[in-house]
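Structure file data-v8.txt; described as compact mmCIF, C-alpha atoms (C1' of nucleotides).
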```txt
# COMPACT_ATOMS: atom_id res chain seq x y z
CA MET A 94 0.00 0.00 0.00
CA LYS A 95 1.34 3.37 -1.00
CA ALA A 96 2.42 5.56 1.89
CA ASP A 97 0.65 8.65 0.62
CA ALA A 98 -2.71 6.93 0.48
CA LEU A 99 -3.01 7.33 4.22
CA ARG A 100 -2.76 11.09 4.04
CA GLY A 101 -5.81 12.64 5.61
CA HIS A 102 -7.14 9.28 6.79
CA LEU A 103 -4.82 8.61 9.67
CA ASP A 104 -6.71 10.58 12.31
CA PRO A 105 -9.89 8.49 12.28
CA LEU A 106 -7.84 5.31 12.51
CA ILE A 107 -6.10 6.49 15.64
CA LEU A 108 -9.31 7.77 17.19
CA ALA A 109 -11.02 4.46 16.40
CA VAL A 110 -8.49 2.29 18.21
CA VAL A 111 -8.77 4.31 21.41
CA GLU A 112 -12.54 4.45 21.17
CA HIS A 113 -13.25 1.64 23.59
CA GLU A 114 -10.13 1.73 25.76
CA PRO A 115 -7.29 4.17 26.37
CA LEU A 116 -3.97 3.05 24.91
CA HIS A 117 -0.42 4.36 24.87
CA GLY A 118 1.43 5.14 21.64
CA TYR A 119 3.22 1.87 21.21
CA ALA A 120 0.05 -0.07 21.89
CA ILE A 121 -1.80 2.04 19.34
CA MET A 122 0.85 1.12 16.80
CA GLU A 123 0.37 -2.56 17.55
CA ALA A 124 -3.41 -2.29 17.54
CA LEU A 125 -3.36 -0.68 14.11
CA GLN A 126 -1.06 -3.38 12.85
CA THR A 127 -3.28 -6.12 14.19
CA ARG A 128 -6.57 -4.63 13.06
CA SER A 129 -5.23 -4.03 9.57
CA GLY A 130 -3.96 -7.55 9.14
CA GLY A 131 -0.37 -6.33 9.14
CA GLU A 132 -0.89 -3.78 6.37
CA LEU A 133 -0.45 -0.78 8.60
CA ASP A 134 3.03 -0.39 10.02
CA LEU A 135 3.27 3.21 11.13
CA PRO A 136 6.75 4.62 11.71
CA THR A 137 7.13 6.40 15.04
CA GLY A 138 7.82 9.60 13.15
CA THR A 139 4.30 9.39 11.86
CA LEU A 140 2.43 8.19 14.91
CA TYR A 141 3.80 10.34 17.70
CA PRO A 142 3.41 13.67 15.94
CA ALA A 143 -0.10 12.61 14.95
CA LEU A 144 -0.95 11.90 18.59
CA ARG A 145 0.35 15.32 19.65
CA ARG A 146 -1.70 16.89 16.89
CA LEU A 147 -4.86 15.10 17.94
CA GLU A 148 -4.30 16.11 21.52
CA ARG A 149 -3.77 19.73 20.52
CA ALA A 150 -7.01 19.50 18.58
CA GLY A 151 -8.77 18.38 21.73
CA TYR A 152 -9.68 14.93 20.42
CA LEU A 153 -7.33 13.05 22.72
CA GLN A 154 -6.26 13.53 26.29
CA SER A 155 -3.01 12.05 27.58
CA GLU A 156 -1.66 10.98 30.93
CA TRP A 157 1.80 9.74 31.90
CA SER A 158 2.33 6.56 33.83
CA THR A 159 5.15 4.14 34.55
CA VAL A 160 4.70 0.44 33.95
CA SER A 161 7.55 -1.93 34.91
CA GLY A 162 10.09 0.86 34.70
CA ARG A 163 8.97 2.20 31.33
CA LYS A 164 7.24 5.51 30.90
CA ARG A 165 4.01 5.46 29.00
CA ARG A 166 1.81 8.21 27.75
CA THR A 167 -1.70 6.89 27.61
CA TYR A 168 -4.23 8.52 25.30
CA GLN A 169 -7.93 8.65 25.88
CA LEU A 170 -10.70 9.77 23.53
CA THR A 171 -12.42 12.98 24.61
CA ARG A 172 -16.05 13.82 23.99
CA ALA A 173 -14.99 16.08 21.12
CA GLY A 174 -12.85 13.22 19.83
CA GLY A 175 -15.87 10.95 19.81
CA GLN A 176 -17.83 13.47 17.80
CA ALA A 177 -14.89 13.92 15.46
CA LEU A 178 -14.69 10.17 14.99
CA ALA A 179 -18.38 9.99 14.14
CA GLY A 180 -17.90 12.75 11.60
CA GLU A 181 -14.86 11.04 10.14
CA ARG A 182 -16.72 7.76 9.76
CA SER A 183 -19.43 9.57 7.89
CA GLU A 184 -16.89 11.35 5.72
CA TRP A 185 -15.23 8.06 4.98
CA ARG A 186 -18.48 6.58 3.71
CA THR A 187 -18.94 9.56 1.39
CA PHE A 188 -15.34 9.46 0.27
CA SER A 189 -15.24 5.75 -0.45
CA ALA A 190 -18.56 5.95 -2.31
CA VAL A 191 -17.12 8.71 -4.48
CA ILE A 192 -13.96 6.80 -5.26
CA GLU A 193 -15.80 3.60 -6.01
CA GLY A 194 -18.34 5.40 -8.15
CA VAL A 195 -15.59 6.85 -10.30
CA LEU A 196 -13.34 3.82 -10.28
CA ARG A 197 -16.06 1.39 -11.22
CA PRO A 198 -15.80 0.68 -14.93
CA GLY A 199 -18.76 1.68 -17.10
CA THR A 200 -19.31 4.62 -19.42
CA SER A 201 -22.81 5.24 -18.11
CA GLY A 202 -21.94 8.47 -16.34
CA MET B 329 -15.57 16.01 1.97
CA LYS B 330 -12.22 17.20 3.25
CA ALA B 331 -9.86 18.37 0.56
CA ASP B 332 -6.90 16.41 1.83
CA ALA B 333 -8.75 13.13 1.71
CA LEU B 334 -8.13 12.98 -2.02
CA ARG B 335 -4.39 13.07 -1.61
CA GLY B 336 -2.84 10.08 -3.28
CA HIS B 337 -6.16 8.94 -4.71
CA LEU B 338 -6.60 11.43 -7.49
CA ASP B 339 -4.52 9.63 -10.08
CA PRO B 340 -6.72 6.53 -10.38
CA LEU B 341 -9.81 8.74 -10.68
CA ILE B 342 -8.35 10.60 -13.62
CA LEU B 343 -7.11 7.44 -15.27
CA ALA B 344 -10.52 5.84 -14.80
CA VAL B 345 -12.48 8.56 -16.58
CA VAL B 346 -10.29 8.40 -19.66
CA GLU B 347 -10.30 4.62 -19.65
CA HIS B 348 -12.99 4.18 -22.28
CA GLU B 349 -12.65 7.40 -24.25
CA PRO B 350 -10.05 10.16 -24.53
CA LEU B 351 -11.12 13.43 -22.93
CA HIS B 352 -9.67 16.89 -22.58
CA GLY B 353 -9.02 18.52 -19.22
CA TYR B 354 -12.21 20.43 -18.87
CA ALA B 355 -14.27 17.40 -19.87
CA ILE B 356 -12.40 15.30 -17.31
CA MET B 357 -13.36 17.83 -14.66
CA GLU B 358 -17.00 17.56 -15.66
CA ALA B 359 -16.90 13.79 -15.88
CA LEU B 360 -15.50 13.56 -12.35
CA GLN B 361 -18.18 15.89 -11.12
CA THR B 362 -20.92 13.88 -12.76
CA ARG B 363 -19.64 10.47 -11.75
CA SER B 364 -19.20 11.57 -8.14
CA GLY B 365 -22.69 12.96 -7.87
CA GLY B 366 -21.34 16.47 -7.55
CA GLU B 367 -18.99 15.68 -4.65
CA LEU B 368 -15.84 16.12 -6.67
CA ASP B 369 -15.23 19.66 -7.85
CA LEU B 370 -11.56 19.80 -8.74
CA PRO B 371 -10.00 23.24 -9.06
CA THR B 372 -8.02 23.73 -12.24
CA GLY B 373 -4.92 24.22 -10.13
CA THR B 374 -5.30 20.62 -9.07
CA LEU B 375 -6.37 18.97 -12.27
CA TYR B 376 -4.02 20.43 -14.85
CA PRO B 377 -0.81 19.82 -12.91
CA ALA B 378 -2.06 16.30 -12.20
CA LEU B 379 -2.57 15.68 -15.91
CA ARG B 380 0.95 16.89 -16.69
CA ARG B 381 2.27 14.64 -13.98
CA LEU B 382 0.43 11.62 -15.32
CA GLU B 383 1.67 12.35 -18.79
CA ARG B 384 5.25 12.68 -17.56
CA ALA B 385 4.78 9.34 -15.84
CA GLY B 386 3.78 7.82 -19.16
CA TYR B 387 0.24 6.99 -18.10
CA LEU B 388 -1.42 9.53 -20.36
CA GLN B 389 -0.68 10.77 -23.83
CA SER B 390 -1.94 14.16 -25.00
CA GLU B 391 -2.75 15.75 -28.31
CA TRP B 392 -3.78 19.30 -29.15
CA SER B 393 -6.80 20.10 -31.22
CA THR B 394 -9.05 23.07 -31.91
CA VAL B 395 -12.80 22.78 -31.55
CA SER B 396 -14.94 25.78 -32.44
CA GLY B 397 -12.08 28.17 -31.90
CA ARG B 398 -11.01 26.77 -28.53
CA LYS B 399 -7.82 24.86 -28.03
CA ARG B 400 -8.12 21.51 -26.37
CA ARG B 401 -5.56 19.12 -25.09
CA THR B 402 -7.04 15.68 -25.26
CA TYR B 403 -5.66 12.97 -23.02
CA GLN B 404 -5.64 9.30 -23.81
CA LEU B 405 -4.78 6.37 -21.58
CA THR B 406 -1.56 4.57 -22.56
CA ARG B 407 -0.90 0.89 -22.13
CA ALA B 408 1.21 1.69 -19.07
CA GLY B 409 -1.63 3.85 -17.82
CA GLY B 410 -4.02 0.95 -18.12
CA GLN B 411 -1.69 -1.23 -16.08
CA ALA B 412 -1.28 1.55 -13.54
CA LEU B 413 -5.04 1.86 -13.29
CA ALA B 414 -5.41 -1.85 -12.67
CA GLY B 415 -2.79 -1.61 -9.95
CA GLU B 416 -4.48 1.39 -8.41
CA ARG B 417 -7.83 -0.36 -8.35
CA SER B 418 -6.25 -3.24 -6.52
CA GLU B 419 -4.50 -0.90 -4.10
CA TRP B 420 -7.77 0.85 -3.47
CA ARG B 421 -9.44 -2.41 -2.48
CA THR B 422 -6.63 -3.12 -0.03
CA PHE B 423 -6.66 0.41 1.31
CA SER B 424 -10.40 0.60 1.81
CA ALA B 425 -10.44 -2.82 3.47
CA VAL B 426 -7.77 -1.62 5.88
CA ILE B 427 -9.61 1.57 6.75
CA GLU B 428 -12.91 -0.20 7.19
CA GLY B 429 -11.34 -2.92 9.27
CA VAL B 430 -9.92 -0.37 11.67
CA LEU B 431 -12.86 2.00 11.61
CA ARG B 432 -15.43 -0.68 12.24
CA PRO B 433 -16.37 -0.62 15.92
CA GLY B 434 -15.62 -3.69 17.96
CA THR B 435 -12.94 -4.45 20.56
CA SER B 436 -12.28 -7.91 19.18
CA GLY B 437 -8.93 -7.02 17.55
C1' DA C 182 29.68 -8.26 31.32
C1' DC C 183 28.12 -7.74 26.66
C1' DG C 184 25.12 -7.67 22.87
C1' DC C 185 20.65 -8.08 20.94
C1' DT C 186 15.70 -7.52 20.74
C1' DA C 187 11.49 -5.63 22.33
C1' DC C 188 9.44 -1.82 24.57
C1' DA C 189 8.64 3.24 24.64
C1' DT C 190 8.85 8.19 23.21
C1' DG C 191 10.26 11.74 20.67
C1' DT C 192 12.43 15.57 17.00
C1' DA C 193 14.35 17.56 12.47
C1' DG C 194 14.03 18.03 7.88
C1' DC C 195 12.37 16.38 3.30
C1' DG C 196 9.26 15.65 -0.35
C1' DT C 197 4.95 15.46 -2.38
C1' DC C 198 0.55 16.92 -3.59
C1' DT C 199 -3.66 19.55 -3.31
C1' DC C 200 -5.37 24.10 -2.71
C1' DT C 201 -6.04 29.23 -3.36
C1' DA C 202 -5.42 32.90 -6.29
C1' DC C 203 -4.23 34.68 -10.45
C1' DT C 204 -3.50 34.88 -15.69
C1' DT C 205 -4.77 34.29 -20.53
C1' DA C 206 -8.01 33.58 -24.28
C1' DT C 207 -12.26 32.34 -27.32
C1' DA C 208 -17.50 31.90 -28.12
C1' DC C 209 -22.09 33.37 -27.36
C1' DG C 210 -26.22 35.74 -25.62
C1' DC C 211 -28.06 40.17 -24.20
C1' DG D 295 -19.52 46.12 -24.07
C1' DC D 296 -20.39 42.75 -20.40
C1' DG D 297 -21.14 38.44 -18.20
C1' DT D 298 -20.90 33.53 -18.40
C1' DA D 299 -19.30 29.18 -20.05
C1' DT D 300 -15.50 26.93 -22.12
C1' DA D 301 -10.47 25.92 -22.02
C1' DA D 302 -5.69 25.76 -20.16
C1' DG D 303 -2.26 27.06 -17.35
C1' DT D 304 1.33 28.95 -13.36
C1' DA D 305 3.03 30.54 -8.64
C1' DG D 306 3.18 30.04 -4.01
C1' DA D 307 1.40 28.22 0.39
C1' DG D 308 0.25 24.74 3.62
C1' DA D 309 -0.41 20.21 5.41
C1' DC D 310 1.28 15.89 6.75
C1' DG D 311 3.38 11.33 6.35
C1' DC D 312 8.07 9.63 5.74
C1' DT D 313 13.16 8.80 6.63
C1' DA D 314 16.66 9.19 9.76
C1' DC D 315 18.23 10.21 14.04
C1' DA D 316 18.27 10.48 19.31
C1' DT D 317 17.32 8.59 23.97
C1' DG D 318 16.49 5.25 27.44
C1' DT D 319 14.75 0.77 30.06
C1' DA D 320 13.78 -4.44 30.46
C1' DG D 321 14.84 -9.03 29.62
C1' DC D 322 17.21 -12.91 27.41
C1' DG D 323 21.18 -15.65 25.92
C1' DT D 324 25.98 -16.60 26.32
```
This structure in structure tokens:
Amino acid sequence: MKADALRGHLDPLILAVVEHEPLHGYAIMEALQTRSGGELDLPTGTLYPALRRLERAGYLQSEWSTVSGRKRRTYQLTRAGGQALAGERSEWRTFSAVIEGVLRPGTSG
Amino acid sequence: MKADALRGHLDPLILAVVEHEPLHGYAIMEALQTRSGGELDLPTGTLYPALRRLERAGYLQSEWSTVSGRKRRTYQLTRAGGQALAGERSEWRTFSAVIEGVLRPGTSG
DNA sequence: ACGCTACATGTAGCGTCTCTACTTATACGC
DNA sequence: GCGTATAAGTAGAGACGCTACATGTAGCGT
């Protein structure tokens, strides 16, 4: 999968994995990998800045903790983040319908 | 629909609309608008550079003509462009499956 | 003790691509 | 003449994912 394809679609993915339970960065990385069947392997230089961005936007809220000697920053979805996620899901449906409508062969249109 | 969402997905759309018949830039714009149900309204500053790029990549081939006093540059899909389109369609399926797999609610993964 | 892998977080700078805004030019109806 | 549709293009800005680099702990094998 091309790297650029993700552009503009990363945010909802991150919000979705922390929807049901707060997770720290590394765990988010693993969750995305698992849920995508191994397709998604985000470099740290992509994930961590994205998390900061989402927190600045008010969609995530973070808290430091130490687990077995390692520092973790755990991210939790805020109310605004939940609304954003809902909006993103809706936008995704529109977007994918548009792409599929155009990509589908057939001169009808 | 967010503007950035299109990033990295524009090429297959353009290739798809010229798949069955050569079209000039303006007609491609209209075709995309029609096929997307009005969702896609590409600014010329997006479309024309994209067409040049796709031609440089060898996926499109252009030819000038004059129709009722107006100059047109008509783009045609090349063999390489057809292969690229096939690849892009396949990548789209992968990509959309990934997004939907992650976006779909459910703590199972 | 030493090296390796997994865990864990982060920054700096690059490159690419879409967008906004602007430019040029013809045809046609009023 | 003026406005709108048709037709093609460039310049510059902004956003964001990527590569590469930097830092540090825990645990395992030898």
request  = Might you pull out every residue within 7 Å of region 193-203 of chain C, with only C-alpha atoms (C1' of nucleotides) counted and same-chain residues fewer than 6 positions away left off, and present them as a list in words?
outcome  =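 Contacts, with the query itself left out: Asp332, Arg335 and Thr374 of chain B.
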task = Using all atoms listed in the file, determine which residues lie at most 12 Å from Val395 (chain B), disregarding the query and same-chain residues fewer than 2 positions distant; provide the list as a list in words.
result = His352, Trp392, Ser393, Gly397, Arg398, Lys399, Arg400, Arg401 and Thr402 of chain B; DT207 and DA208 of chain C; DT300 and DA301 of chain D
request  = Identify which of the residues B:Arg432, B:Arg381, B:His348, B:Arg363 lies closest to chain C, counting all atoms listed in the file when measuring atom-to-atom distances.
outcome  = B:Arg381
10 Å contact set for DC185 (chain C), all atoms listed in the file, chain neighbours under 2 positions out, as a ChimeraX atom specification = /C:183,187 /D:322-323
key: For CA of Asp104 (chain A) and CA of Leu375 (chain B), the interatomic separation in Å (one decimal)   = 26.0 Å
